[in-house]
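J.: Let me give you the structure first, and then I'll get to my questions.
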Amino acid sequence: MDHSDKTSPSEAKPMGRRDFLTTLGWGALFASIASTGAGMIRFLFPNVLFEKPTRIRVGRPDDYSPGSVTYLESSRVFILRNDKGFRAMSAVCTHLGCTVNKDAGSNSYSCPCHGSKFDENGGVVRGPAPKSLSTCEVTLAPSGHMVVDLKSFVPPNHYFRV
Amino acid sequence: MPKEVEGEYEVFPDNPHKTYGLMAVVKGKSPVVDKSPEDTVMTWPHLLIRELVASVVVMAVLLAISLVLNAPLEEHANLTETPNPAKAPWYFLGLQELVHYSALIGGVIIPGLSLFLLAALPYLDRTPDRAPSKRKLLTVVFTVFIIVNVVLIVIGSYFRGPGWSFIVPWRGGSVQ
Amino acid sequence: MTEIIRLLSRFITGNRVWKSVFRAESPVTERGQSESIFHNVWLHIYPVKVRKDALRFTYTFCLGGVSFLLFLLLIITGVPLMFYYVPSVEQAYGSMKDLEFVVSYGLLLRNMHRWAAHAMVITVFLHMARVFYTGSYKSPREFNWVVGVFLLALTLGLSFTGYLLPWDQLAFWAITVGTSIASYVPWLGPSFKYVLIGGNEVGQGALLRFYVLHTVVLPLAAVLMMAAHFWRIRKDGGISKPL
Ligand code: HEM
Ligand code: FES
C-alpha cells in the first residue's frame, strides 16, 4: 500500500497524489477544449475552393495588335502590347479590390470605389491604392496560345516576348 | 424607526444594489409600517403600459415607412463591373470616407482604436460626478467623436461622386 | 355593456385552464400586479416595482427599449424571409425578386426588415449617446457599458452580413471592399479575410458564410448579450437616476 498521504510535513513533498491528479484533470480538460477549439478554427479554412481557374488562355499573340490595350472582362485583366512585348495587367485595384476602368481617351486607369488613379503602366498616380496594379505572368502554351496566371506576379517591367 | 422630520426623507437610503423581489406575502397595506419608500410605482401597469404605447408607435411608423419606401435592389452582382461610385450602406460611409484616405489607418487603426476606447471609457473616466458639466473634457471629446462621425457620413453620402471625387450635391451631382 | 365585459372576462379568466396557465391573481390589487410580473417567465426580468423617475420619457427616450423592439421585429420579419431566400449565387438575387414581385406581402416584409435594420443602428447609437451624456456608465454600471459596446458591434455586424444577401451590385461591391479592409489588419489580416469569405474572392463561400452569420451566429450572440445587458440593469439597481 501507498502511505504517501500520511508522511510527515517535514518531508516536503512537492505535490501530493491528489493535487497532482487534480491538476492533471484540469490540465487535460483545458487541453482538450483548446485543441477542439483549434480544430474548429482550422475547420473554417476551406482546403478546396470552387473558384474560377487562375490560369487562363488568352488567345494567340497575333490576336493583339501592337500598341493595343485589351480588357478581358471575365478575368479582370488588361492585355497590353507594345514594342517591348506583352504585359498582363490585373484590373483588380490594389486598394480594396474593386475593378479599375480604363479612362476614355487616355491610357490611364481609375478606380470607381475610392478614387485611385493609375498611369499607363499601372503605377499609382494618386489615391489610396498602396501599390501599382500587379502584372501577371504570361507564358506560351505548346498550342501557341498565351496563358496568363492570375495568381503569379512578375515585376511591372517584365515583358513577355514571343 | 427613523426619526420623524418635516418633509420628505428617505426611509431606504439609495443603494445601487437594491433590487426588488417577492420575499413573502404579509398582511398589510405597505411593506413598511408608517412610512413607505414610495418613490416607486407598480411595473404593471405603469411601466408596461408605457412600453406598449411606445412599441405600438414604433411599429406604426415602421409599417408606414415600409409601405411607401422600397428597399433598394440593384442589378445582379457582377464581378467584372464595379458601379461608380460604389457605396456602402450609409452607416458605413464614414468608414468608407476614412478608407479613401488609407486602408490601414482609416479602415483598421482608427475604427479599432475608437471601439477599444469606447469599451474602456468607464475605466478611463475617473471623474466622480455624472453631470456632463462636471466632466467637461470627456463630454467635449465624446461630442466631437459623434460630430465627426456624422460629418463623415454626410460627406460620404452626399459629397462623393464618381471615383469618390468631391461633388457638391446642389450643383447637379449624383446623390444616392 | 360593462356588465357584458365583466361576464366575458369572468368567463375567460375564471376557468381551470386559464388559471393553470396564469397563476396570477387578476392585476387589480397590488398583489395581483406583482404576481402578473413574477409568475410570468417573460416578464419576470422586470422588477415588480420601478422608481417613478425611471419612467420619465425625457430621460431614456425609450431608446434602449426601442432598440430591443426593433431587434424583435427584425427576427419576426427575418424568419419569414428565410422561407423564400436561397443563399446560393445562382438563386439569391432571384429570390429577392420573387419576394418583391411574386410573394404576397414579400415586398412589405423585406422593406420592414431593411428599414428596421437601419433604424436599429440609429437607435442603438443614440442610446449609447444618452447613456454617455447622463453619465450612466459610471459605477456600478461600467460593465454594462462594455456589454453595450459589444451589442453595438453586433448590430453593425448584423447589418454588414445582411447587406451581402441580396447579391446585387450594391451588396457585392460593398462586401468586396469591406472584407478587403480586414486583410489590412496586421499579421492576421489575410487569414481573417480568407475565413470570413471562405475563399479568395467574394463568391458562393462568402454568401453562405454571411448567411449563417446573419441568421444564426450573430442573432444568437446578440440575444445572449442582451440577456446579460438586461440582467445587469436589474443587478445594478435599475436604470440610473435622472440627473
Ligand atoms: C442592441 C443594442 C442594445 C439594446 C437592445 C439595449 C437595451 C437597453 C435597455 C432596454 C436599457 C434600459 C434603459 C433604456 O432604455 O435606456 C439599457 C440601458 C443601458 N444600456 Fe443598453 N442597449 C443596447 C446597446 C447599448 C450600447 C451600445 C451601450 C453603450 C455602449 C449600452 C449601455 C447601456 C447602459 C450603461 C445602460 C444602463 C443605463 C442607465 O442605467 O441609465 N447599451 N439598454
Ligand atoms: S478599391 Fe480602388 S480605390 Fe479603393
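Residue numbering restarts at 1 in every chain; chains get A, B, ... in the order shown in the C-alpha cells, and ligands count up from 1 in that same order.
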I want to know what sits within 12 Å of segment 117-121 of chain C, based on only C-alpha atoms, with residues of the same chain fewer than 2 positions away left out; could you give that as a ChimeraX atom specification?

T.: /B:58-59,61-62,65-66,71,89-92 /C:63-75,77-78,110-115,123-128,151-163

J.: Dump C-alpha atoms for the selected residues as a PDB file, in the first residue's frame?

T.:
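In the end it all went to result.pdb:
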```pdb
ATOM      1  CA  VAL B  58     -42.663  52.462 -33.379  1.00  0.00           C
ATOM      2  CA  MET B  59     -44.410  49.639 -35.212  1.00  0.00           C
ATOM      3  CA  VAL B  61     -44.076  54.301 -38.023  1.00  0.00           C
ATOM      4  CA  LEU B  62     -42.082  51.351 -39.354  1.00  0.00           C
ATOM      5  CA  ILE B  65     -42.320  53.854 -43.917  1.00  0.00           C
ATOM      6  CA  SER B  66     -42.235  50.352 -45.362  1.00  0.00           C
ATOM      7  CA  ALA B  71     -35.628  48.811 -50.019  1.00  0.00           C
ATOM      8  CA  PRO B  89     -24.795  51.460 -46.606  1.00  0.00           C
ATOM      9  CA  TRP B  90     -24.930  54.951 -45.122  1.00  0.00           C
ATOM     10  CA  TYR B  91     -23.790  53.939 -41.645  1.00  0.00           C
ATOM     11  CA  PHE B  92     -20.546  52.624 -43.108  1.00  0.00           C
TER      12      PHE B  92
ATOM     13  CA  LEU C  63     -34.011  54.287 -26.836  1.00  0.00           C
ATOM     14  CA  GLY C  64     -32.793  51.032 -25.320  1.00  0.00           C
ATOM     15  CA  GLY C  65     -36.297  49.616 -25.301  1.00  0.00           C
ATOM     16  CA  VAL C  66     -36.910  50.693 -28.890  1.00  0.00           C
ATOM     17  CA  SER C  67     -33.609  49.085 -29.942  1.00  0.00           C
ATOM     18  CA  PHE C  68     -34.791  45.854 -28.385  1.00  0.00           C
ATOM     19  CA  LEU C  69     -38.204  46.137 -30.013  1.00  0.00           C
ATOM     20  CA  LEU C  70     -36.579  46.691 -33.398  1.00  0.00           C
ATOM     21  CA  PHE C  71     -34.429  43.640 -32.812  1.00  0.00           C
ATOM     22  CA  LEU C  72     -37.555  41.573 -32.132  1.00  0.00           C
ATOM     23  CA  LEU C  73     -39.202  42.988 -35.254  1.00  0.00           C
ATOM     24  CA  LEU C  74     -36.114  42.053 -37.250  1.00  0.00           C
ATOM     25  CA  ILE C  75     -36.487  38.462 -36.097  1.00  0.00           C
ATOM     26  CA  THR C  77     -39.730  39.826 -40.308  1.00  0.00           C
ATOM     27  CA  GLY C  78     -36.476  37.986 -40.988  1.00  0.00           C
ATOM     28  CA  ARG C 110     -38.449  42.934 -46.969  1.00  0.00           C
ATOM     29  CA  ASN C 111     -38.967  46.687 -46.604  1.00  0.00           C
ATOM     30  CA  MET C 112     -39.759  46.349 -42.923  1.00  0.00           C
ATOM     31  CA  HIS C 113     -36.716  44.177 -42.376  1.00  0.00           C
ATOM     32  CA  ARG C 114     -34.464  46.628 -44.151  1.00  0.00           C
ATOM     33  CA  TRP C 115     -35.795  49.809 -42.561  1.00  0.00           C
ATOM     34  CA  THR C 123     -31.431  53.962 -32.006  1.00  0.00           C
ATOM     35  CA  VAL C 124     -28.515  51.930 -30.633  1.00  0.00           C
ATOM     36  CA  PHE C 125     -26.165  54.779 -31.412  1.00  0.00           C
ATOM     37  CA  LEU C 126     -28.464  57.350 -29.822  1.00  0.00           C
ATOM     38  CA  HIS C 127     -28.996  55.075 -26.822  1.00  0.00           C
ATOM     39  CA  MET C 128     -25.235  54.998 -26.342  1.00  0.00           C
ATOM     40  CA  LEU C 151     -24.064  44.993 -28.724  1.00  0.00           C
ATOM     41  CA  LEU C 152     -23.193  47.988 -30.888  1.00  0.00           C
ATOM     42  CA  ALA C 153     -20.552  45.940 -32.693  1.00  0.00           C
ATOM     43  CA  LEU C 154     -23.019  43.063 -33.116  1.00  0.00           C
ATOM     44  CA  THR C 155     -25.657  45.412 -34.501  1.00  0.00           C
ATOM     45  CA  LEU C 156     -23.203  46.689 -37.106  1.00  0.00           C
ATOM     46  CA  GLY C 157     -22.059  43.128 -37.837  1.00  0.00           C
ATOM     47  CA  LEU C 158     -25.630  42.034 -38.442  1.00  0.00           C
ATOM     48  CA  SER C 159     -26.140  44.917 -40.853  1.00  0.00           C
ATOM     49  CA  PHE C 160     -22.912  44.177 -42.663  1.00  0.00           C
ATOM     50  CA  THR C 161     -23.584  40.466 -43.109  1.00  0.00           C
ATOM     51  CA  GLY C 162     -27.186  41.094 -44.145  1.00  0.00           C
ATOM     52  CA  TYR C 163     -26.056  43.546 -46.768  1.00  0.00           C
TER      53      TYR C 163
END
```

J.: Could you build a table of the residues in chain C lying no more than 10 Å from ligand 2, giving for each the nearest pair of atoms and their separation in Å rounded to one decimal place, using only C-alpha atoms and all ligand atoms, ordered by chain and ascending residue number, as CSV?

T.:
```
residue,atom,partner,partner_atom_place_in_ligand_line,distance
C:Trp173,CA,ligand 2,1 (S),9.3
C:Thr176,CA,ligand 2,1 (S),8.8
C:Val177,CA,ligand 2,1 (S),6.4
C:Gly178,CA,ligand 2,1 (S),9.8
C:Ser180,CA,ligand 2,1 (S),8.6
C:Ile181,CA,ligand 2,4 (Fe),9.6
```

J.: What are the closest atom pairs, with distances in Å to one decimal, for each residue of chain A lying within 10 Å of chain C, using only C-alpha atoms, rows by chain and rising residue number, as a tab-separated table?

T.:
```
residue	atom	partner	partner_atom	distance
A:Ile41	CA	C:Val195	CA	8.9
A:Arg42	CA	C:Val195	CA	9.3
A:Phe43	CA	C:Val195	CA	9.6
A:Leu44	CA	C:Val195	CA	6.0
A:Phe45	CA	C:Val195	CA	5.5
A:Pro46	CA	C:Gly198	CA	6.4
A:Asn47	CA	C:Gly199	CA	9.1
A:Val48	CA	C:Gly199	CA	8.9
A:Leu49	CA	C:Gly199	CA	6.5
A:Phe50	CA	C:Gln204	CA	8.6
A:Glu51	CA	C:Gly203	CA	7.9
A:Lys52	CA	C:Glu201	CA	9.9
A:Thr94	CA	C:Ser180	CA	9.8
A:His95	CA	C:Ser180	CA	8.2
A:Leu96	CA	C:Val177	CA	5.1
A:Gly97	CA	C:Val177	CA	6.3
A:Cys98	CA	C:Val177	CA	7.0
A:Thr99	CA	C:Trp173	CA	9.6
A:Cys113	CA	C:Val177	CA	8.3
A:His114	CA	C:Val177	CA	9.8
```

J.: Each residue of chain A with at least one atom at most 12 Å from chain B should appear once, together with its nearest atom pair and the corresponding distance in Å (one decimal); atoms considered: only C-alpha atoms; ordering: chain, then increasing residue number; output as JSON lines.

T.:
```
{"residue": "A:Lys52", "atom": "CA", "partner": "B:Leu79", "partner_atom": "CA", "distance": 11.9}
{"residue": "A:Tyr71", "atom": "CA", "partner": "B:Thr80", "partner_atom": "CA", "distance": 10.3}
{"residue": "A:Leu72", "atom": "CA", "partner": "B:Thr80", "partner_atom": "CA", "distance": 9.1}
{"residue": "A:Glu73", "atom": "CA", "partner": "B:Thr80", "partner_atom": "CA", "distance": 5.6}
{"residue": "A:Ser74", "atom": "CA", "partner": "B:Thr80", "partner_atom": "CA", "distance": 6.1}
{"residue": "A:Ser75", "atom": "CA", "partner": "B:Thr80", "partner_atom": "CA", "distance": 7.8}
{"residue": "A:Arg76", "atom": "CA", "partner": "B:Thr80", "partner_atom": "CA", "distance": 6.3}
{"residue": "A:Val77", "atom": "CA", "partner": "B:Thr80", "partner_atom": "CA", "distance": 9.8}
{"residue": "A:Ser90", "atom": "CA", "partner": "B:Thr80", "partner_atom": "CA", "distance": 11.9}
{"residue": "A:Ala91", "atom": "CA", "partner": "B:Thr80", "partner_atom": "CA", "distance": 9.3}
{"residue": "A:Val92", "atom": "CA", "partner": "B:Thr80", "partner_atom": "CA", "distance": 9.7}
{"residue": "A:Cys93", "atom": "CA", "partner": "B:Thr82", "partner_atom": "CA", "distance": 10.8}
{"residue": "A:Thr94", "atom": "CA", "partner": "B:Ala103", "partner_atom": "CA", "distance": 10.5}
{"residue": "A:His95", "atom": "CA", "partner": "B:Ala103", "partner_atom": "CA", "distance": 7.2}
{"residue": "A:Leu96", "atom": "CA", "partner": "B:Ala103", "partner_atom": "CA", "distance": 7.8}
{"residue": "A:Gly97", "atom": "CA", "partner": "B:Thr82", "partner_atom": "CA", "distance": 9.9}
{"residue": "A:Cys98", "atom": "CA", "partner": "B:Thr82", "partner_atom": "CA", "distance": 6.3}
{"residue": "A:Thr99", "atom": "CA", "partner": "B:Thr82", "partner_atom": "CA", "distance": 5.7}
{"residue": "A:Val100", "atom": "CA", "partner": "B:Thr82", "partner_atom": "CA", "distance": 7.7}
{"residue": "A:Asn101", "atom": "CA", "partner": "B:Glu81", "partner_atom": "CA", "distance": 8.6}
{"residue": "A:Lys102", "atom": "CA", "partner": "B:Glu81", "partner_atom": "CA", "distance": 11.9}
{"residue": "A:Asp103", "atom": "CA", "partner": "B:Gly163", "partner_atom": "CA", "distance": 11.3}
{"residue": "A:Tyr109", "atom": "CA", "partner": "B:Gly163", "partner_atom": "CA", "distance": 10.9}
{"residue": "A:Ser110", "atom": "CA", "partner": "B:Gly163", "partner_atom": "CA", "distance": 7.3}
{"residue": "A:Cys111", "atom": "CA", "partner": "B:Gly163", "partner_atom": "CA", "distance": 6.1}
{"residue": "A:Pro112", "atom": "CA", "partner": "B:Gly163", "partner_atom": "CA", "distance": 4.0}
{"residue": "A:Cys113", "atom": "CA", "partner": "B:Ala86", "partner_atom": "CA", "distance": 5.3}
{"residue": "A:His114", "atom": "CA", "partner": "B:Trp164", "partner_atom": "CA", "distance": 5.0}
{"residue": "A:Gly115", "atom": "CA", "partner": "B:Gly163", "partner_atom": "CA", "distance": 4.3}
{"residue": "A:Ser116", "atom": "CA", "partner": "B:Gly163", "partner_atom": "CA", "distance": 7.6}
{"residue": "A:Lys117", "atom": "CA", "partner": "B:Gly163", "partner_atom": "CA", "distance": 9.0}
{"residue": "A:Arg126", "atom": "CA", "partner": "B:Tyr101", "partner_atom": "CA", "distance": 10.6}
{"residue": "A:Gly127", "atom": "CA", "partner": "B:Tyr101", "partner_atom": "CA", "distance": 7.3}
{"residue": "A:Pro128", "atom": "CA", "partner": "B:Ser102", "partner_atom": "CA", "distance": 5.4}
{"residue": "A:Ala129", "atom": "CA", "partner": "B:Ser102", "partner_atom": "CA", "distance": 8.0}
{"residue": "A:Pro130", "atom": "CA", "partner": "B:Ser102", "partner_atom": "CA", "distance": 8.4}
```

J.: Next, the residues of the selection above should be written as a tab-separated table (two decimals), in the first residue's frame with N, CA, C and O atoms.

T.:
```
chain	number	residue	atom	x	y	z
A	52	LYS	N	-12.95	30.21	-59.92
A	52	LYS	CA	-12.56	30.14	-61.32
A	52	LYS	C	-11.08	29.79	-61.42
A	52	LYS	O	-10.29	30.17	-60.57
A	71	TYR	N	-9.15	44.67	-72.79
A	71	TYR	CA	-9.65	44.29	-71.48
A	71	TYR	C	-10.37	42.95	-71.57
A	71	TYR	O	-11.29	42.79	-72.36
A	72	LEU	N	-9.92	41.97	-70.82
A	72	LEU	CA	-10.61	40.68	-70.78
A	72	LEU	C	-11.51	40.68	-69.57
A	72	LEU	O	-11.06	40.52	-68.43
A	73	GLU	N	-12.79	40.90	-69.83
A	73	GLU	CA	-13.71	41.22	-68.76
A	73	GLU	C	-13.82	40.11	-67.72
A	73	GLU	O	-13.70	40.35	-66.52
A	74	SER	N	-14.02	38.88	-68.20
A	74	SER	CA	-14.34	37.83	-67.24
A	74	SER	C	-13.15	37.50	-66.35
A	74	SER	O	-13.31	36.93	-65.29
A	75	SER	N	-11.93	37.84	-66.79
A	75	SER	CA	-10.76	37.54	-65.96
A	75	SER	C	-10.24	38.77	-65.24
A	75	SER	O	-9.28	38.68	-64.49
A	76	ARG	N	-10.82	39.90	-65.49
A	76	ARG	CA	-10.41	41.16	-64.89
A	76	ARG	C	-8.92	41.42	-65.12
A	76	ARG	O	-8.15	41.63	-64.20
A	77	VAL	N	-8.52	41.38	-66.40
A	77	VAL	CA	-7.11	41.61	-66.70
A	77	VAL	C	-7.01	42.39	-68.03
A	77	VAL	O	-7.83	42.21	-68.92
A	90	SER	N	-3.32	43.25	-64.12
A	90	SER	CA	-4.56	42.95	-63.40
A	90	SER	C	-5.40	44.22	-63.24
A	90	SER	O	-4.88	45.29	-62.98
A	91	ALA	N	-6.71	44.07	-63.39
A	91	ALA	CA	-7.61	45.20	-63.22
A	91	ALA	C	-8.16	45.28	-61.80
A	91	ALA	O	-9.05	46.06	-61.51
A	92	VAL	N	-7.59	44.44	-60.92
A	92	VAL	CA	-8.06	44.46	-59.53
A	92	VAL	C	-7.31	45.55	-58.78
A	92	VAL	O	-6.09	45.50	-58.65
A	93	CYS	N	-8.05	46.53	-58.28
A	93	CYS	CA	-7.43	47.65	-57.58
A	93	CYS	C	-6.67	47.13	-56.37
A	93	CYS	O	-7.18	46.29	-55.62
A	94	THR	N	-5.44	47.63	-56.20
A	94	THR	CA	-4.63	47.16	-55.08
A	94	THR	C	-5.08	47.74	-53.76
A	94	THR	O	-4.55	47.38	-52.71
A	95	HIS	N	-6.06	48.66	-53.81
A	95	HIS	CA	-6.56	49.21	-52.55
A	95	HIS	C	-7.47	48.18	-51.88
A	95	HIS	O	-7.06	47.47	-50.98
A	96	LEU	N	-8.70	48.06	-52.39
A	96	LEU	CA	-9.63	47.14	-51.76
A	96	LEU	C	-10.36	46.25	-52.76
A	96	LEU	O	-11.45	45.76	-52.49
A	97	GLY	N	-9.76	46.05	-53.92
A	97	GLY	CA	-10.27	45.01	-54.79
A	97	GLY	C	-11.39	45.35	-55.74
A	97	GLY	O	-11.99	44.46	-56.32
A	98	CYS	N	-11.71	46.64	-55.93
A	98	CYS	CA	-12.69	46.96	-56.96
A	98	CYS	C	-12.03	46.79	-58.34
A	98	CYS	O	-10.82	46.64	-58.43
A	99	THR	N	-12.84	46.81	-59.40
A	99	THR	CA	-12.30	46.67	-60.74
A	99	THR	C	-12.02	48.05	-61.32
A	99	THR	O	-12.92	48.88	-61.38
A	100	VAL	N	-10.78	48.30	-61.74
A	100	VAL	CA	-10.46	49.62	-62.28
A	100	VAL	C	-10.93	49.69	-63.74
A	100	VAL	O	-11.06	48.67	-64.42
A	101	ASN	N	-11.20	50.91	-64.20
A	101	ASN	CA	-11.62	51.12	-65.58
A	101	ASN	C	-10.54	51.90	-66.31
A	101	ASN	O	-9.87	52.75	-65.73
A	102	LYS	N	-10.42	51.61	-67.59
A	102	LYS	CA	-9.52	52.40	-68.42
A	102	LYS	C	-10.21	53.71	-68.72
A	102	LYS	O	-11.40	53.74	-69.06
A	103	ASP	N	-9.48	54.83	-68.55
A	103	ASP	CA	-10.11	56.12	-68.79
A	103	ASP	C	-10.34	56.30	-70.28
A	103	ASP	O	-9.48	55.95	-71.10
A	109	TYR	N	-5.80	54.70	-65.84
A	109	TYR	CA	-6.86	53.87	-65.27
A	109	TYR	C	-7.36	54.53	-64.00
A	109	TYR	O	-6.58	55.17	-63.28
A	110	SER	N	-8.64	54.36	-63.70
A	110	SER	CA	-9.11	54.86	-62.42
A	110	SER	C	-10.07	53.88	-61.78
A	110	SER	O	-10.76	53.12	-62.46
A	111	CYS	N	-10.08	53.92	-60.45
A	111	CYS	CA	-10.91	53.01	-59.68
A	111	CYS	C	-12.16	53.74	-59.20
A	111	CYS	O	-12.06	54.84	-58.65
A	112	PRO	N	-13.32	53.15	-59.40
A	112	PRO	CA	-14.56	53.85	-59.03
A	112	PRO	C	-14.81	53.89	-57.53
A	112	PRO	O	-15.65	54.65	-57.08
A	113	CYS	N	-14.11	53.05	-56.75
A	113	CYS	CA	-14.51	52.94	-55.34
A	113	CYS	C	-14.00	54.08	-54.47
A	113	CYS	O	-14.77	54.74	-53.80
A	114	HIS	N	-12.68	54.30	-54.48
A	114	HIS	CA	-12.17	55.36	-53.61
A	114	HIS	C	-11.24	56.28	-54.37
A	114	HIS	O	-10.40	56.95	-53.78
A	115	GLY	N	-11.36	56.26	-55.69
A	115	GLY	CA	-10.70	57.27	-56.50
A	115	GLY	C	-9.21	57.10	-56.75
A	115	GLY	O	-8.53	58.07	-57.03
A	116	SER	N	-8.68	55.88	-56.68
A	116	SER	CA	-7.27	55.71	-57.04
A	116	SER	C	-7.10	55.90	-58.54
A	116	SER	O	-7.98	55.53	-59.32
A	117	LYS	N	-5.95	56.50	-58.94
A	117	LYS	CA	-5.66	56.66	-60.36
A	117	LYS	C	-4.31	56.03	-60.65
A	117	LYS	O	-3.38	56.10	-59.85
A	126	ARG	N	-2.47	58.78	-57.99
A	126	ARG	CA	-2.96	59.34	-56.73
A	126	ARG	C	-4.04	58.43	-56.17
A	126	ARG	O	-4.47	57.47	-56.83
A	127	GLY	N	-4.44	58.72	-54.95
A	127	GLY	CA	-5.49	57.93	-54.33
A	127	GLY	C	-4.91	56.96	-53.32
A	127	GLY	O	-3.71	56.88	-53.12
A	128	PRO	N	-5.80	56.23	-52.68
A	128	PRO	CA	-5.37	55.40	-51.55
A	128	PRO	C	-4.67	54.10	-51.93
A	128	PRO	O	-4.16	53.42	-51.06
A	129	ALA	N	-4.64	53.73	-53.21
A	129	ALA	CA	-4.02	52.45	-53.57
A	129	ALA	C	-2.56	52.44	-53.13
A	129	ALA	O	-1.81	53.37	-53.43
A	130	PRO	N	-2.13	51.42	-52.39
A	130	PRO	CA	-0.77	51.41	-51.85
A	130	PRO	C	0.29	50.99	-52.85
A	130	PRO	O	1.44	51.35	-52.70
```

J.: Nearest to ligand 1: which of B:Leu115, B:Leu138, B:Ala131, B:Ile146 is it, counting only C-alpha atoms and all ligand atoms?

T.: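 Using only C-alpha atoms and all ligand atoms, ligand 1 sits closest to B:Leu115.
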
J.: Enumerate, as number ranges by chain, the complete set of residues in segment 50-157 of chain C that a backbone-based DSSP assignment places in alpha helix (DSSP H).

T.: C: 57-60, 63-84, 92-101, 106-133, 142-157

J.: Find the residues of chain B in contact range of chain C, meaning any atom within 7 Å when counting only C-alpha atoms, and list them as a PyMOL selection string.

T.: chain B and resi 16-21+39-44+47+55+62-63+66-67+70-71+73-78+82+86-88+103-104+107-108+119+122+130-132

J.: Out of C:Phe11, C:Tyr59, C:Phe83, C:Phe101, which residue has the shortest atom-to-atom distance to ligand 1 when counting only C-alpha atoms and all ligand atoms?

T.: C:Tyr59

J.: Show me, as an mmCIF file with all heavy atoms, in the first residue's frame, the residues that have an atom within 12 Å of segment 2-9 of chain C when counting only C-alpha atoms, minus same-chain residues fewer than 5 positions from it.

T.:
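Below you can see selection_20.cif, which holds the result:
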```cif
data_model
loop_
_atom_site.group_PDB
_atom_site.id
_atom_site.type_symbol
_atom_site.label_atom_id
_atom_site.label_comp_id
_atom_site.auth_asym_id
_atom_site.auth_seq_id
_atom_site.Cartn_x
_atom_site.Cartn_y
_atom_site.Cartn_z
ATOM 1 N N GLY C 14 -61.996 32.868 -15.579
ATOM 2 C CA GLY C 14 -62.472 32.190 -14.378
ATOM 3 C C GLY C 14 -62.401 30.671 -14.430
ATOM 4 O O GLY C 14 -62.833 30.004 -13.499
ATOM 5 N N ASN C 15 -61.868 30.101 -15.535
ATOM 6 C CA ASN C 15 -61.920 28.645 -15.633
ATOM 7 C C ASN C 15 -60.592 28.008 -15.254
ATOM 8 O O ASN C 15 -59.569 28.680 -15.078
ATOM 9 C CB ASN C 15 -62.337 28.257 -17.055
ATOM 10 C CG ASN C 15 -61.375 28.828 -18.060
ATOM 11 O OD1 ASN C 15 -60.214 28.473 -18.068
ATOM 12 N ND2 ASN C 15 -61.850 29.760 -18.885
ATOM 13 N N TRP C 18 -57.394 28.568 -17.828
ATOM 14 C CA TRP C 18 -56.731 29.867 -17.674
ATOM 15 C C TRP C 18 -55.919 29.906 -16.398
ATOM 16 O O TRP C 18 -54.763 30.334 -16.380
ATOM 17 C CB TRP C 18 -57.793 30.975 -17.684
ATOM 18 C CG TRP C 18 -57.199 32.336 -17.485
ATOM 19 C CD1 TRP C 18 -56.870 32.915 -16.301
ATOM 20 C CD2 TRP C 18 -56.830 33.272 -18.504
ATOM 21 N NE1 TRP C 18 -56.322 34.148 -16.501
ATOM 22 C CE2 TRP C 18 -56.292 34.395 -17.849
ATOM 23 C CE3 TRP C 18 -56.916 33.268 -19.905
ATOM 24 C CZ2 TRP C 18 -55.836 35.518 -18.551
ATOM 25 C CZ3 TRP C 18 -56.465 34.393 -20.598
ATOM 26 C CH2 TRP C 18 -55.934 35.490 -19.917
ATOM 27 N N SER C 26 -55.920 38.459 -10.560
ATOM 28 C CA SER C 26 -56.101 39.466 -11.595
ATOM 29 C C SER C 26 -55.453 40.770 -11.134
ATOM 30 O O SER C 26 -55.478 41.112 -9.956
ATOM 31 C CB SER C 26 -57.578 39.661 -11.880
ATOM 32 O OG SER C 26 -58.122 40.524 -10.931
#
```

J.: Rounded to one decimal place, report the atom CA of Met89 of chain A-atom CA of Lys193 of chain C distance in Å.

T.: 23.7 Å

J.: Suppose you want the space between atom 14 (C, counted along the ligand's line) of ligand 1 and atom CA of Val216 of chain C; what is it in Å?

T.: 25.9 Å

J.: Just the number, please: distance in Å from atom CA of Ser134 of chain A to atom CA of Pro190 of chain C, one decimal.

T.: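 Calculated distance between atom CA of Ser134 of chain A and atom CA of Pro190 of chain C is 17.5 Å.
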
J.: Got a sec to tell me which of segment 78-109 of chain A DSSP assigns to strand (DSSP E or B), as a PyMOL selection string?

T.: chain A and resi 78-82+85-90+92+99+101-102+109

J.: Could you pull the residues within 7 Å of segment 55-69 of chain A, counting only C-alpha atoms, minus those fewer than 6 positions along the same chain, as a PyMOL selection string?

T.: chain A and resi 78-83+144-150

J.: With C-alpha atoms kept, could you save the residues just selected as a PDB file, in the first residue's frame?

T.:
```
ATOM      1  CA  PHE A  78      -5.763  44.028 -69.323  1.00  0.00           C
ATOM      2  CA  ILE A  79      -3.514  42.653 -72.069  1.00  0.00           C
ATOM      3  CA  LEU A  80      -1.090  45.360 -73.105  1.00  0.00           C
ATOM      4  CA  ARG A  81       1.074  45.024 -76.171  1.00  0.00           C
ATOM      5  CA  ASN A  82       3.810  47.478 -77.068  1.00  0.00           C
ATOM      6  CA  ASP A  83       7.210  47.320 -78.704  1.00  0.00           C
ATOM      7  CA  GLY A 144       0.664  28.655 -79.417  1.00  0.00           C
ATOM      8  CA  HIS A 145      -1.810  30.260 -77.037  1.00  0.00           C
ATOM      9  CA  MET A 146      -0.680  32.697 -74.407  1.00  0.00           C
ATOM     10  CA  VAL A 147      -1.525  31.676 -70.834  1.00  0.00           C
ATOM     11  CA  VAL A 148      -1.980  34.233 -68.048  1.00  0.00           C
ATOM     12  CA  ASP A 149      -1.564  33.114 -64.460  1.00  0.00           C
ATOM     13  CA  LEU A 150      -3.702  35.458 -62.373  1.00  0.00           C
TER      14      LEU A 150
END
```

J.: Which of these residues is nearest to ligand 1, using only C-alpha atoms and all ligand atoms: B:Ile105, B:Leu93, B:Met23, B:Ala54?

T.: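 The closest residue to ligand 1 is B:Ala54.
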
J.: Rank nothing, just name the residue among C:Leu224, C:Val131, C:Val217, C:Val17 nearest to ligand 1, using only C-alpha atoms and all ligand atoms.

T.: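 Using only C-alpha atoms and all ligand atoms, the shortest distance to ligand 1 belongs to C:Val131.
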
J.: Point out the residue among B:Leu118, B:Val168, B:Val141, B:Ile147 with the least atom-to-atom distance to ligand 1, counting only C-alpha atoms and all ligand atoms.

T.: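 Residue with the minimum atom-to-atom distance to ligand 1: B:Leu118.
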